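Below is one structure, written out as structure tokens, with a few remarks after it.
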Amino acid sequence: MSLLEVEDLTVTYGSDDGRVHAVNGVSFEIREGVNYGLAGESGSGKSTAAEALLGLLPNNGRVDGGSVTFKGQDLLSMSDEERRDVLWEEIAYIPQSAMDSLDPVMTCGAQIRQAIQKHRNVSEANARDRVRELFEMVGLDPDRTEQYPHEFSGGMRQRVTIAMALALEPDLIVADEPTTGLDVVVQDKIVDTILEIQERIDSSLLLITHEIGVIAETCDDLSILYGGTVMEQGSVDNVLVNPTNPYTMGLKNSFPEVERLSEDPVAIPGSPPSLDAPPTECVFADRCPFETEECTDSEPPLVDLPNRNHRSACHHVDRAARMRREATDPET
Ligand code: ATP
Ligand code: MG
């Protein structure tokens with residue numbers, strides 16, 4: 001059953017130089033119990049898509065089209081108040097850089113208690129017990145709940161934000177770059193913590209990260225974004241093991257897998273597309289080794305591939321897939 005359905009989401013920002021077309025017709029579906037990854041380079045529109053679907057865009061951001069349905073309810077047409085309730089009760093959001101946005105003058109425990117008491121009718125004593133329990137769940141010392149954010153390391157502060165997000169046992173956890181800025185060992189532990197808890201409270205996960213290795217380890221399905229457009233989508237096995245989109249192939253080489261963290265990433269040559277107008281051609285054409293006239297004549301639609309749960313937006317899916325097969329297995 002579908003938990004979250006995003007259809008044709010289009011988002012722009014107002015700026016001094018005109019509108020920035022940050023998300024262009026993005027669609028994806030998270031089924032119940034599924035962990036979903038949203039991957040892509042910096043500026044590809046990952047955070048914008050998350051903020052838009054949660055109704056949390058900054059003032060200069062605007063949803064220009066599309067729909068977002070969560071458990072059958074249309075999130076975009078709700079009043080701010082209704083959406084706020086859904087957000088706390090059923091969807092937990094761990095924003096990018098959450099660990100740096102904790103209130104410095106309140107203890108971590110007090111911040112979590114405040115969140116709980118706003119939405120649940122619980123006594124102060126019960127809220128305190130719950131915070132201790134949450135600290136334990138995320139691997140923090142429950143005797144440290146009354147300490148301030150600056151008394152914790154970055155990894156610990158990230159655990160506090162996870163505890164806060166999980167306080168009300170949501171059905172969906174949206175985590176934007178929860179491991180970025182942390183050292184590799186701490187990153188792995190944070191990912192393990194999110195997975196453990198998520199399994200315990202039986203929620204789904206929307207994990208946003210530029211690190212596809214983390215998605216490979218934690219998610220069932222994913223979408224690869226580039227220039228605000230979905231380039232490839234489907235199961236992790238299909239998309240990451242047998243990519244058919246040249247952008248995914250480039251991304252795979254440009255980011256180290258979790259198991260191969262010692263390898264230096266190789267960046268895809270070229271720079272990201274301009275976002276000053278909606279795309280009229282393949283957004284990756286400029287940087288793509290398979291580029292032909294067709295690629296600059298029209299934007300390739302995201303189409304279903306013959307295998308189940310695999311879609312790609314590329315005019316040259318067959319050629320790219322054949323070249324990949326030849327590169328990995330010259331006998332074929
Ligand atoms: P990162 O990996 O760096 O977090 P991202 O994939 O989350 O990147 P977004 O932050 O969604 O990317 O940005 C998408 C595009 O929208 C970028 O070109 C960015 O510069 C632009 N953008 C983001 N926020 C704003 C804003 N408030 N006003 C104007 N443009 C914005
Ligand atoms: Mg972001």
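Residues are referred to by chain and number: the chain letter is A, B, ... according to the order shown in the structure tokens, the number counts from 1 in that chain, and ligands are numbered separately from 1 in the order shown.
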Find the residues of chain A that sit at most 7 Å from ligand 1; for each, write down the nearest two atoms and how far apart they are in Å, to one decimal. Count only C-alpha atoms and all ligand atoms. Sort by chain, then by number going up, and give it as JSON lines.
{"residue": "A:Tyr13", "atom": "CA", "partner": "ligand 1", "partner_atom_place_in_ligand_line": "29 (C)", "distance": 4.9}
{"residue": "A:Gly14", "atom": "CA", "partner": "ligand 1", "partner_atom_place_in_ligand_line": "29 (C)", "distance": 6.2}
{"residue": "A:Ser15", "atom": "CA", "partner": "ligand 1", "partner_atom_place_in_ligand_line": "29 (C)", "distance": 5.8}
{"residue": "A:Val20", "atom": "CA", "partner": "ligand 1", "partner_atom_place_in_ligand_line": "30 (N)", "distance": 5.9}
{"residue": "A:Ala22", "atom": "CA", "partner": "ligand 1", "partner_atom_place_in_ligand_line": "16 (O)", "distance": 4.5}
{"residue": "A:Gly40", "atom": "CA", "partner": "ligand 1", "partner_atom_place_in_ligand_line": "6 (O)", "distance": 6.2}
{"residue": "A:Glu41", "atom": "CA", "partner": "ligand 1", "partner_atom_place_in_ligand_line": "2 (O)", "distance": 5.7}
{"residue": "A:Ser42", "atom": "CA", "partner": "ligand 1", "partner_atom_place_in_ligand_line": "2 (O)", "distance": 3.3}
{"residue": "A:Gly43", "atom": "CA", "partner": "ligand 1", "partner_atom_place_in_ligand_line": "12 (O)", "distance": 3.4}
{"residue": "A:Ser44", "atom": "CA", "partner": "ligand 1", "partner_atom_place_in_ligand_line": "6 (O)", "distance": 3.9}
{"residue": "A:Gly45", "atom": "CA", "partner": "ligand 1", "partner_atom_place_in_ligand_line": "11 (O)", "distance": 3.3}
{"residue": "A:Lys46", "atom": "CA", "partner": "ligand 1", "partner_atom_place_in_ligand_line": "6 (O)", "distance": 3.8}
{"residue": "A:Ser47", "atom": "CA", "partner": "ligand 1", "partner_atom_place_in_ligand_line": "7 (O)", "distance": 3.7}
{"residue": "A:Thr48", "atom": "CA", "partner": "ligand 1", "partner_atom_place_in_ligand_line": "11 (O)", "distance": 3.6}
{"residue": "A:Ala49", "atom": "CA", "partner": "ligand 1", "partner_atom_place_in_ligand_line": "11 (O)", "distance": 6.5}
{"residue": "A:Pro58", "atom": "CA", "partner": "ligand 1", "partner_atom_place_in_ligand_line": "27 (N)", "distance": 5.8}
{"residue": "A:Asn60", "atom": "CA", "partner": "ligand 1", "partner_atom_place_in_ligand_line": "27 (N)", "distance": 6.2}
{"residue": "A:Gly61", "atom": "CA", "partner": "ligand 1", "partner_atom_place_in_ligand_line": "27 (N)", "distance": 6.4}
{"residue": "A:Thr209", "atom": "CA", "partner": "ligand 1", "partner_atom_place_in_ligand_line": "2 (O)", "distance": 6.9}
{"residue": "A:His210", "atom": "CA", "partner": "ligand 1", "partner_atom_place_in_ligand_line": "2 (O)", "distance": 5.9}
{"residue": "A:Gly228", "atom": "CA", "partner": "ligand 1", "partner_atom_place_in_ligand_line": "14 (C)", "distance": 6.9}
{"residue": "A:Leu275", "atom": "CA", "partner": "ligand 1", "partner_atom_place_in_ligand_line": "18 (O)", "distance": 6.5}
Selected residues written out with N, CA and C atoms, as a compact mmCIF listing (two decimals), in the first residue's frame:
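The result, written out as out_10.txt:
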# COMPACT_ATOMS: atom_id res chain seq x y z
N TYR A 13 11.99 28.95 -6.82
CA TYR A 13 12.32 29.97 -5.82
C TYR A 13 12.37 31.31 -6.53
N GLY A 14 11.94 32.35 -5.85
CA GLY A 14 12.12 33.70 -6.38
C GLY A 14 13.54 34.16 -6.05
N SER A 15 14.20 34.82 -7.00
CA SER A 15 15.53 35.38 -6.71
C SER A 15 15.67 36.67 -7.50
N VAL A 20 14.21 30.41 -9.86
CA VAL A 20 15.10 29.25 -9.89
C VAL A 20 14.21 28.00 -9.97
N ALA A 22 13.98 24.73 -9.25
CA ALA A 22 14.75 23.78 -8.43
C ALA A 22 14.25 22.34 -8.55
N GLY A 40 21.53 12.38 -5.23
CA GLY A 40 21.89 13.37 -6.25
C GLY A 40 22.93 14.32 -5.72
N GLU A 41 23.65 14.95 -6.66
CA GLU A 41 24.71 15.88 -6.26
C GLU A 41 24.12 17.11 -5.55
N SER A 42 25.02 17.89 -4.98
CA SER A 42 24.61 19.13 -4.34
C SER A 42 23.88 20.02 -5.34
N GLY A 43 22.75 20.59 -4.94
CA GLY A 43 21.99 21.48 -5.82
C GLY A 43 21.01 20.77 -6.72
N SER A 44 20.89 19.43 -6.59
CA SER A 44 20.00 18.69 -7.49
C SER A 44 18.53 18.81 -7.09
N GLY A 45 18.26 19.41 -5.93
CA GLY A 45 16.87 19.66 -5.54
C GLY A 45 16.34 18.72 -4.48
N LYS A 46 17.22 17.98 -3.82
CA LYS A 46 16.78 16.99 -2.82
C LYS A 46 16.06 17.66 -1.64
N SER A 47 16.72 18.66 -1.05
CA SER A 47 16.11 19.31 0.11
C SER A 47 14.86 20.08 -0.29
N THR A 48 14.92 20.70 -1.47
CA THR A 48 13.75 21.44 -1.94
C THR A 48 12.54 20.51 -2.07
N ALA A 49 12.76 19.33 -2.65
CA ALA A 49 11.66 18.37 -2.81
C ALA A 49 11.10 18.00 -1.44
N PRO A 58 11.02 27.76 2.31
CA PRO A 58 11.21 29.13 2.79
C PRO A 58 10.28 30.08 2.03
N ASN A 60 10.53 32.43 -0.08
CA ASN A 60 10.67 32.68 -1.52
C ASN A 60 10.46 31.41 -2.36
N GLY A 61 10.12 30.29 -1.70
CA GLY A 61 9.87 29.05 -2.42
C GLY A 61 8.38 28.89 -2.72
N THR A 209 20.32 11.90 0.64
CA THR A 209 21.76 12.00 0.79
C THR A 209 22.45 12.02 -0.56
N HIS A 210 23.62 12.66 -0.61
CA HIS A 210 24.40 12.60 -1.85
C HIS A 210 25.27 11.34 -1.85
N GLY A 228 17.01 18.97 -10.59
CA GLY A 228 15.60 18.99 -10.21
C GLY A 228 14.74 17.99 -10.97
N LEU A 275 19.38 26.51 -13.76
CA LEU A 275 18.00 26.26 -13.33
C LEU A 275 17.11 27.47 -13.60
Q.
I need the residues of region 134-234 of chain A that end up classed as strand (DSSP E or B) by DSSP on the backbone, written out as an MDAnalysis selection string.
A. chainID A and resid 172:176 204:209 221:226 229:234
Selection to disk with C-alpha atoms, as a short mmCIF file (atom, residue, chain, number, x, y, z; two decimals), in the first residue's frame:
data_model
loop_
_atom_site.label_atom_id
_atom_site.label_comp_id
_atom_site.auth_asym_id
_atom_site.auth_seq_id
_atom_site.Cartn_x
_atom_site.Cartn_y
_atom_site.Cartn_z
CA LEU A 172 7.45 8.07 8.09
CA ILE A 173 10.86 9.48 8.95
CA VAL A 174 12.25 12.03 6.51
CA ALA A 175 15.98 12.46 7.16
CA ASP A 176 17.92 15.00 5.09
CA SER A 204 9.17 3.93 6.65
CA LEU A 205 12.15 6.09 5.82
CA LEU A 206 12.80 8.77 3.22
CA LEU A 207 16.57 9.16 3.29
CA ILE A 208 18.05 12.10 1.44
CA THR A 209 21.76 12.00 0.79
CA ASP A 221 13.99 1.89 -3.62
CA LEU A 222 15.45 5.19 -4.75
CA SER A 223 15.25 8.11 -7.12
CA ILE A 224 18.32 9.76 -8.57
CA LEU A 225 17.84 13.51 -9.00
CA TYR A 226 19.78 15.82 -11.25
CA THR A 229 14.66 16.07 -12.46
CA VAL A 230 14.41 12.34 -11.76
CA MET A 231 17.00 10.64 -13.96
CA GLU A 232 16.54 7.06 -12.79
CA GLN A 233 14.23 5.38 -10.31
CA GLY A 234 13.38 1.96 -8.97
#
**Q.** Those in region 25-237 of chain A with alpha helix (DSSP H) from DSSP, as an NGL selection string
**A.** :A and (46-53 or 80-89 or 108-119 or 124-137 or 154-166 or 184-201 or 212-218 or 236)
Could you save the residues just selected, with C-alpha atoms, as a CSV table (one decimal), in the first residue's frame?
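Just written: again-v3.csv:
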chain,number,residue,atom,x,y,z
A,46,LYS,CA,16.8,17.0,-2.8
A,47,SER,CA,16.1,19.3,0.1
A,48,THR,CA,13.7,21.4,-1.9
A,49,ALA,CA,11.7,18.4,-2.8
A,50,ALA,CA,11.5,17.3,0.9
A,51,GLU,CA,10.7,20.8,2.1
A,52,ALA,CA,8.0,21.2,-0.5
A,53,LEU,CA,6.3,17.9,0.2
A,80,ASP,CA,-0.7,25.0,7.9
A,81,GLU,CA,-2.2,23.8,11.2
A,82,GLU,CA,-3.5,20.5,9.9
A,83,ARG,CA,-0.2,19.9,8.2
A,84,ARG,CA,1.7,20.7,11.4
A,85,ASP,CA,-0.3,18.1,13.2
A,86,VAL,CA,0.4,15.4,10.6
A,87,LEU,CA,4.1,16.4,10.6
A,88,TRP,CA,4.5,15.8,14.3
A,89,GLU,CA,2.2,12.9,14.7
A,108,CYS,CA,18.6,18.7,25.0
A,109,GLY,CA,16.1,16.9,27.2
A,110,ALA,CA,14.0,20.0,27.6
A,111,GLN,CA,13.8,20.4,23.9
A,112,ILE,CA,12.5,16.9,23.4
A,113,ARG,CA,10.1,17.2,26.3
A,114,GLN,CA,8.7,20.4,24.8
A,115,ALA,CA,8.0,18.6,21.5
A,116,ILE,CA,6.3,15.7,23.3
A,117,GLN,CA,4.2,17.8,25.6
A,118,LYS,CA,3.0,20.0,22.7
A,119,HIS,CA,1.4,16.9,21.1
A,124,GLU,CA,6.2,16.3,33.3
A,125,ALA,CA,7.4,13.2,35.1
A,126,ASN,CA,6.3,10.9,32.2
A,127,ALA,CA,7.8,13.2,29.6
A,128,ARG,CA,11.1,13.0,31.6
A,129,ASP,CA,11.0,9.2,31.6
A,130,ARG,CA,10.2,9.2,27.9
A,131,VAL,CA,13.2,11.4,27.2
A,132,ARG,CA,15.5,9.0,29.1
A,133,GLU,CA,14.1,6.1,27.2
A,134,LEU,CA,14.6,7.9,23.9
A,135,PHE,CA,18.2,8.8,24.8
A,136,GLU,CA,18.8,5.1,25.5
A,137,MET,CA,17.2,4.2,22.1
A,154,GLY,CA,28.4,16.5,16.5
A,155,GLY,CA,27.4,12.8,16.3
A,156,MET,CA,25.8,13.0,19.7
A,157,ARG,CA,23.8,16.1,18.7
A,158,GLN,CA,22.6,14.3,15.6
A,159,ARG,CA,21.4,11.5,17.9
A,160,VAL,CA,19.5,14.1,19.9
A,161,THR,CA,17.7,15.3,16.8
A,162,ILE,CA,16.9,11.7,15.9
A,163,ALA,CA,15.5,11.1,19.4
A,164,MET,CA,13.4,14.3,19.0
A,165,ALA,CA,12.1,13.2,15.6
A,166,LEU,CA,11.2,9.7,16.9
A,184,VAL,CA,32.9,8.0,8.7
A,185,VAL,CA,32.7,5.7,11.8
A,186,VAL,CA,30.1,8.0,13.4
A,187,GLN,CA,28.2,8.1,10.1
A,188,ASP,CA,27.9,4.3,10.1
A,189,LYS,CA,26.7,4.3,13.6
A,190,ILE,CA,24.1,6.9,13.0
A,191,VAL,CA,22.8,5.0,10.0
A,192,ASP,CA,22.6,1.8,12.1
A,193,THR,CA,20.8,3.7,14.9
A,194,ILE,CA,18.2,5.1,12.5
A,195,LEU,CA,17.7,1.6,11.0
A,196,GLU,CA,17.4,-0.1,14.3
A,197,ILE,CA,14.8,2.3,15.7
A,198,GLN,CA,12.9,2.5,12.5
A,199,GLU,CA,12.5,-1.3,12.5
A,200,ARG,CA,11.5,-1.1,16.2
A,201,ILE,CA,8.8,1.5,15.6
A,212,ILE,CA,24.7,6.6,-2.7
A,213,GLY,CA,26.7,4.1,-0.7
A,214,VAL,CA,24.5,4.9,2.3
A,215,ILE,CA,21.4,4.5,0.2
A,216,ALA,CA,22.6,1.1,-1.1
A,217,GLU,CA,23.1,0.0,2.5
A,218,THR,CA,19.8,1.2,3.9
A,236,VAL,CA,18.3,-0.3,-5.4
Q: Would you work out the distance separating CA of Val239 (chain A) from CA of Val303 (chain A), expressed in Å to one decimal?
A: 13.4 Å
For region 17-19 of chain A: contacts at 8 Å, only C-alpha atoms, fewer than 4 positions along chain excluded, given as a PDB file with N, CA and C atoms, in the first residue's frame:
ATOM      1  N   THR A  12       9.650  26.270  -7.545  1.00  0.00           N
ATOM      2  CA  THR A  12      10.583  27.333  -7.941  1.00  0.00           C
ATOM      3  C   THR A  12      10.850  28.241  -6.744  1.00  0.00           C
ATOM      4  N   TYR A  13      11.990  28.946  -6.818  1.00  0.00           N
ATOM      5  CA  TYR A  13      12.316  29.969  -5.823  1.00  0.00           C
ATOM      6  C   TYR A  13      12.369  31.311  -6.535  1.00  0.00           C
ATOM      7  N   ASP A 276      17.559  28.336 -14.556  1.00  0.00           N
ATOM      8  CA  ASP A 276      16.793  29.574 -14.723  1.00  0.00           C
ATOM      9  C   ASP A 276      15.558  29.424 -15.619  1.00  0.00           C
ATOM     10  N   ALA A 277      15.350  28.237 -16.176  1.00  0.00           N
ATOM     11  CA  ALA A 277      14.123  27.973 -16.947  1.00  0.00           C
ATOM     12  C   ALA A 277      13.791  26.499 -16.796  1.00  0.00           C
TER      13      ALA A 277
END
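Of the residues listed (A:Asn307, A:Pro95, A:Val138, A:Ile30), A:Pro95 shows the shortest atom-to-atom separation from Leu56 (chain A); distances use only C-alpha atoms.
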Q) What does the distance from CA of Cys219 (chain A) to CA of Asp100 (chain A) come to in Å, to one decimal? A) 25.6 Å
Q: For Ala285 (chain A), list every protein, DNA or RNA residue within 10 Å, evaluated using only C-alpha atoms, and leave out those in the same chain fewer than 6 positions away; present the list as JSON, numbers by chain.
A: {"A": [246, 247, 273, 291, 292, 293, 294, 295, 296, 299, 314]}
**Q.** For Leu3 (chain A): contacts at 8 Å, only C-alpha atoms, fewer than 4 positions along chain excluded, given as a ChimeraX atom specification
**A.** /A:29-32,69-72
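Shortest separation to ligand 2 among A:Ser312, A:Asn242, A:Asn24, A:Thr180 occurs at residue A:Thr180, atoms counted being only C-alpha atoms and all ligand atoms.
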Q.
Just checking: using only C-alpha atoms, which residue out of A:Leu251, A:Tyr36, A:Arg308, A:Gly227 ends up closest to Asp286 (chain A)?
A.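 Using only C-alpha atoms, the shortest distance to Asp286 (chain A) belongs to A:Gly227.
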Q) Taking into account only C-alpha atoms, which residue in the set A:Glu326, A:Pro243, A:Arg62, A:Val105 is nearest to Glu146 (chain A)? A)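 Answer, going by the shortest atom-to-atom distance: A:Val105.
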Q: Go through A:Ser97, A:Gln73, A:Ser67, A:Thr145 and flag the residue nearest ligand 2, using only C-alpha atoms and all ligand atoms for the distances.
A: A:Ser97
Q.
Here is a test: counting only C-alpha atoms, which residue of A:Asp74, A:Asp304, A:Asp103, A:Asp8 is nearest to His150 (chain A)?
A. A:Asp103
